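Novice: Below is coords.pdb; it holds PDB, C-alpha atoms.
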```pdb
ATOM      1  CA  MET A  29       0.726 -10.680  34.868
ATOM      2  CA  ARG A  30       4.183 -12.149  34.871
ATOM      3  CA  VAL A  31       7.134 -10.386  33.222
ATOM      4  CA  LYS A  32       8.651 -12.675  30.562
ATOM      5  CA  ASN A  33      11.713 -10.710  29.523
ATOM      6  CA  PRO A  34      12.774  -7.881  31.865
ATOM      7  CA  SER A  35      15.967  -7.089  29.949
ATOM      8  CA  GLY A  36      13.988  -6.996  26.692
ATOM      9  CA  LEU A  37      11.762  -4.313  28.186
ATOM     10  CA  LYS A  38      14.837  -2.316  29.133
ATOM     11  CA  ARG A  39      16.278  -2.595  25.609
ATOM     12  CA  LYS A  40      12.964  -1.529  24.089
ATOM     13  CA  ARG A  41      12.742   1.444  26.469
ATOM     14  CA  ILE A  42      16.258   2.550  25.554
ATOM     15  CA  ASN A  43      15.541   2.114  21.830
ATOM     16  CA  ARG A  44      12.534   4.421  22.249
ATOM     17  CA  HIS A  45      14.855   6.978  23.924
ATOM     18  CA  TYR A  46      12.988   6.905  27.228
ATOM     19  CA  SER A  47      14.729   7.085  30.563
ATOM     20  CA  GLN A  48      13.279   5.025  33.387
ATOM     21  CA  ARG A  49      11.885   8.257  34.747
ATOM     22  CA  ASP A  50      10.253   9.135  31.395
ATOM     23  CA  LEU A  51       8.529   5.760  31.148
ATOM     24  CA  ALA A  52       7.486   5.917  34.783
ATOM     25  CA  MET A  53       5.820   9.281  34.238
ATOM     26  CA  LEU A  54       4.051   8.006  31.104
ATOM     27  CA  VAL A  55       2.573   5.007  32.938
ATOM     28  CA  ARG A  56       2.003   6.951  36.182
ATOM     29  CA  ARG A  57       4.292   4.877  38.360
ATOM     30  CA  SER A  58       7.593   5.527  40.111
ATOM     31  CA  GLN A  59      11.018   5.204  38.550
ATOM     32  CA  THR A  60      11.695   2.545  41.185
ATOM     33  CA  THR A  61       8.854   0.443  39.787
ATOM     34  CA  ILE A  62      10.376   0.539  36.295
ATOM     35  CA  TYR A  63      13.797  -0.314  37.748
ATOM     36  CA  LEU A  64      12.371  -3.283  39.659
ATOM     37  CA  ILE A  65      10.595  -4.591  36.548
ATOM     38  CA  GLU A  66      13.683  -4.249  34.342
ATOM     39  CA  THR A  67      16.006  -5.933  36.834
ATOM     40  CA  GLY A  68      13.625  -8.843  37.361
ATOM     41  CA  GLN A  69      13.025  -8.013  41.001
ATOM     42  CA  MET A  70       9.337  -7.365  40.323
ATOM     43  CA  LYS A  71       8.203 -10.574  38.679
ATOM     44  CA  THR A  72       4.461  -9.847  38.537
ATOM     45  CA  LEU A  73       2.460  -6.701  37.968
ATOM     46  CA  THR A  74      -1.089  -5.660  37.350
ATOM     47  CA  GLU A  75      -2.725  -6.140  33.989
ATOM     48  CA  ASP A  76      -3.284  -2.399  33.790
ATOM     49  CA  LEU A  77       0.406  -1.588  34.257
ATOM     50  CA  ALA A  78       1.539  -4.265  31.792
ATOM     51  CA  LEU A  79      -0.833  -2.949  29.111
ATOM     52  CA  HIS A  80       0.237   0.651  29.724
ATOM     53  CA  ILE A  81       3.932  -0.229  29.463
ATOM     54  CA  ALA A  82       3.348  -2.220  26.273
ATOM     55  CA  ALA A  83       1.356   0.648  24.762
ATOM     56  CA  ARG A  84       4.014   3.262  25.608
ATOM     57  CA  LEU A  85       6.790   1.062  24.212
ATOM     58  CA  ASP A  86       4.641   0.265  21.157
ATOM     59  CA  VAL A  87       4.915  -3.512  21.573
ATOM     60  CA  ASP A  88       2.449  -6.374  21.838
ATOM     61  CA  TRP A  89       1.894  -7.160  25.498
ATOM     62  CA  GLU A  90       2.144 -10.884  24.762
ATOM     63  CA  ASP A  91       5.811 -10.452  23.758
ATOM     64  CA  TYR A  92       6.848  -9.203  27.202
ATOM     65  CA  PHE A  93       4.167 -10.366  29.625
ATOM     66  CA  GLU A  94       2.227 -13.562  30.239
ATOM     67  CA  LEU A  95      -0.992 -14.245  32.046
ATOM     68  CA  GLU A  96      -0.852 -16.053  35.328
ATOM     69  CA  GLU A  97      -3.098 -19.078  35.725
ATOM     70  CA  ASN A  98      -5.900 -17.213  37.502
ATOM     71  CA  GLU A  99      -6.093 -14.297  35.039
ATOM     72  CA  VAL A 100      -8.341 -13.743  32.043
ATOM     73  CA  MET A 101      -6.860 -12.524  28.749
ATOM     74  CA  PRO A 102      -7.263  -8.734  28.498
ATOM     75  CA  SER A 103      -9.151  -7.169  25.649
ATOM     76  CA  VAL A 104      -7.427  -4.247  24.002
ATOM     77  CA  LYS A 105      -9.386  -1.839  21.847
ATOM     78  CA  SER A 106      -7.798  -0.722  18.611
ATOM     79  CA  ASP A 107      -7.793   2.929  17.602
ATOM     80  CA  SER A 108      -7.652   2.022  13.916
ATOM     81  CA  ARG A 109     -10.749   1.902  11.739
ATOM     82  CA  THR A 110     -11.523   0.350   8.402
ATOM     83  CA  THR A 111     -11.522   2.724   5.455
ATOM     84  CA  THR A 112     -14.053   2.101   2.709
ATOM     85  CA  GLN A 113     -13.522   2.893  -0.976
ATOM     86  CA  GLN A 114     -15.985   5.812  -0.740
ATOM     87  CA  GLU A 115     -13.962   7.413   2.058
ATOM     88  CA  VAL A 116     -10.768   7.158  -0.010
ATOM     89  CA  ALA A 117     -12.255   8.756  -3.161
TER      90      ALA A 117
END
```
Before anything else, please render the file you have as structure tokens.
Specialist:
Amino acid sequence: MRVKNPSGLKRKRINRHYSQRDLAMLVRRSQTTIYLIETGQMKTLTEDLALHIAARLDVDWEDYFELEENEVMPSVKSDSRTTTQQEVA
């Protein structure tokens, strides 16, 4: 996947009160990797890493990453479930 907005990722990380080290630990990568992504030096990354970063920053992956031509759109499972009227009562 290609990083669309490296500085936007940095702003979102800071708004969530994560250091680069915190985010790196959450996505099981090095602080250097997060630094390289945020400075635009790492222009592409794996689908897995992009989805993990988006999940930890609580953003839609499409806002910060884009598929490269040879990639297939990832499917992301939702943890939410539909509540019926009987469950509410």
Novice: With all atoms listed in the file as the basis for distance, which of A:Thr67, A:Lys40, A:Glu97, A:Arg57 is at the shortest distance from A:Ala82?
Specialist: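 Under the stated criterion, the closest residue is A:Lys40.
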Novice: Find the spatial neighbours of A:Met53, counting all atoms listed in the file, within a cut-off of 12 Å - ignore same-chain residues fewer than 5 positions away - and output them as a ChimeraX atom specification.
Specialist: /A:46-48,58-62,80-81,84
Novice: To test your reading of the syntax: which residues would the PyMOL selection byres ((chain A and resi 31) around 8) return for the file shown? Reply as a list of chain:residue names.
Specialist: A:Met29, A:Arg30, A:Lys32, A:Asn33, A:Pro34, A:Ile65, A:Gly68, A:Lys71, A:Thr72, A:Leu73, A:Tyr92, A:Phe93, A:Glu94
Novice: So, with all atoms listed in the file as the atoms that count, which of A:Leu85, A:Arg56, A:Asn98, A:Met70 lies closest to A:Ile42?
Specialist: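 Nearest candidate to A:Ile42 out of A:Leu85, A:Arg56, A:Asn98, A:Met70: A:Leu85.
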Novice: Just checking: using only C-alpha atoms, which residue out of A:Glu75, A:Val87, A:Lys38, A:Asn43 ends up closest to A:Tyr63?
Specialist: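 The shortest atom-to-atom distance to A:Tyr63 comes from A:Lys38.
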Novice: So how far away is atom CA of A:Ser35 from atom CA of A:Glu66, in Å?
Specialist: 5.7 Å
Novice: Could you jot down the atom CA of A:Ala52 to atom CA of A:Gly36 separation for me, Å, one decimal place?
Specialist: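 Those two atoms sit 16.6 Å apart.
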Novice: Check the smallest atom-to-atom distance from each of A:Thr74, A:Val55, A:Arg41, A:Ala83 to A:Glu96 using all atoms listed in the file, then report the winner.
Specialist: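 Ranked by minimum distance to A:Glu96, first place goes to A:Thr74.
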Novice: Quote the spacing between atom CA of A:His45 and atom CA of A:Leu95 in Å to one decimal place.
Specialist: 27.7 Å
Novice: Because some atoms of stretch 63-76 of chain A are absent here, can you restore N, CA, C and O atoms and send them as a PDB file, in the frame of the given file?
Specialist:
```pdb
ATOM      1  N   TYR A  63      12.524   0.321  37.424  1.00  0.00           N
ATOM      2  CA  TYR A  63      13.797  -0.314  37.748  1.00  0.00           C
ATOM      3  C   TYR A  63      13.587  -1.757  38.219  1.00  0.00           C
ATOM      4  O   TYR A  63      14.262  -2.679  37.759  1.00  0.00           O
ATOM      5  N   LEU A  64      12.643  -1.944  39.127  1.00  0.00           N
ATOM      6  CA  LEU A  64      12.371  -3.283  39.659  1.00  0.00           C
ATOM      7  C   LEU A  64      11.891  -4.248  38.574  1.00  0.00           C
ATOM      8  O   LEU A  64      12.258  -5.420  38.566  1.00  0.00           O
ATOM      9  N   ILE A  65      11.075  -3.760  37.656  1.00  0.00           N
ATOM     10  CA  ILE A  65      10.595  -4.591  36.548  1.00  0.00           C
ATOM     11  C   ILE A  65      11.765  -4.983  35.649  1.00  0.00           C
ATOM     12  O   ILE A  65      11.946  -6.149  35.308  1.00  0.00           O
ATOM     13  N   GLU A  66      12.592  -4.003  35.282  1.00  0.00           N
ATOM     14  CA  GLU A  66      13.683  -4.249  34.342  1.00  0.00           C
ATOM     15  C   GLU A  66      14.792  -5.127  34.918  1.00  0.00           C
ATOM     16  O   GLU A  66      15.488  -5.811  34.171  1.00  0.00           O
ATOM     17  N   THR A  67      14.964  -5.111  36.215  1.00  0.00           N
ATOM     18  CA  THR A  67      16.006  -5.933  36.834  1.00  0.00           C
ATOM     19  C   THR A  67      15.484  -7.302  37.244  1.00  0.00           C
ATOM     20  O   THR A  67      16.244  -8.117  37.757  1.00  0.00           O
ATOM     21  N   GLY A  68      14.198  -7.548  37.030  1.00  0.00           N
ATOM     22  CA  GLY A  68      13.625  -8.843  37.361  1.00  0.00           C
ATOM     23  C   GLY A  68      13.264  -9.007  38.820  1.00  0.00           C
ATOM     24  O   GLY A  68      12.866 -10.087  39.248  1.00  0.00           O
ATOM     25  N   GLN A  69      13.368  -7.946  39.590  1.00  0.00           N
ATOM     26  CA  GLN A  69      13.025  -8.013  41.001  1.00  0.00           C
ATOM     27  C   GLN A  69      11.520  -7.959  41.225  1.00  0.00           C
ATOM     28  O   GLN A  69      11.029  -8.445  42.236  1.00  0.00           O
ATOM     29  N   MET A  70      10.799  -7.368  40.283  1.00  0.00           N
ATOM     30  CA  MET A  70       9.337  -7.365  40.323  1.00  0.00           C
ATOM     31  C   MET A  70       8.884  -8.335  39.243  1.00  0.00           C
ATOM     32  O   MET A  70       8.926  -8.014  38.062  1.00  0.00           O
ATOM     33  N   LYS A  71       8.509  -9.519  39.635  1.00  0.00           N
ATOM     34  CA  LYS A  71       8.203 -10.574  38.679  1.00  0.00           C
ATOM     35  C   LYS A  71       6.764 -10.538  38.177  1.00  0.00           C
ATOM     36  O   LYS A  71       6.463 -11.042  37.111  1.00  0.00           O
ATOM     37  N   THR A  72       5.862  -9.956  38.961  1.00  0.00           N
ATOM     38  CA  THR A  72       4.461  -9.847  38.537  1.00  0.00           C
ATOM     39  C   THR A  72       3.996  -8.411  38.702  1.00  0.00           C
ATOM     40  O   THR A  72       4.504  -7.674  39.552  1.00  0.00           O
ATOM     41  N   LEU A  73       3.037  -8.027  37.879  1.00  0.00           N
ATOM     42  CA  LEU A  73       2.460  -6.701  37.968  1.00  0.00           C
ATOM     43  C   LEU A  73       1.017  -6.761  37.517  1.00  0.00           C
ATOM     44  O   LEU A  73       0.565  -7.782  37.002  1.00  0.00           O
ATOM     45  N   THR A  74       0.321  -5.681  37.706  1.00  0.00           N
ATOM     46  CA  THR A  74      -1.089  -5.660  37.350  1.00  0.00           C
ATOM     47  C   THR A  74      -1.252  -5.657  35.835  1.00  0.00           C
ATOM     48  O   THR A  74      -0.372  -5.219  35.090  1.00  0.00           O
ATOM     49  N   GLU A  75      -2.387  -6.143  35.407  1.00  0.00           N
ATOM     50  CA  GLU A  75      -2.725  -6.140  33.989  1.00  0.00           C
ATOM     51  C   GLU A  75      -2.691  -4.720  33.441  1.00  0.00           C
ATOM     52  O   GLU A  75      -2.173  -4.470  32.357  1.00  0.00           O
ATOM     53  N   ASP A  76      -3.227  -3.796  34.197  1.00  0.00           N
ATOM     54  CA  ASP A  76      -3.284  -2.399  33.790  1.00  0.00           C
ATOM     55  C   ASP A  76      -1.883  -1.849  33.516  1.00  0.00           C
ATOM     56  O   ASP A  76      -1.645  -1.228  32.485  1.00  0.00           O
TER      57      ASP A  76
END
```
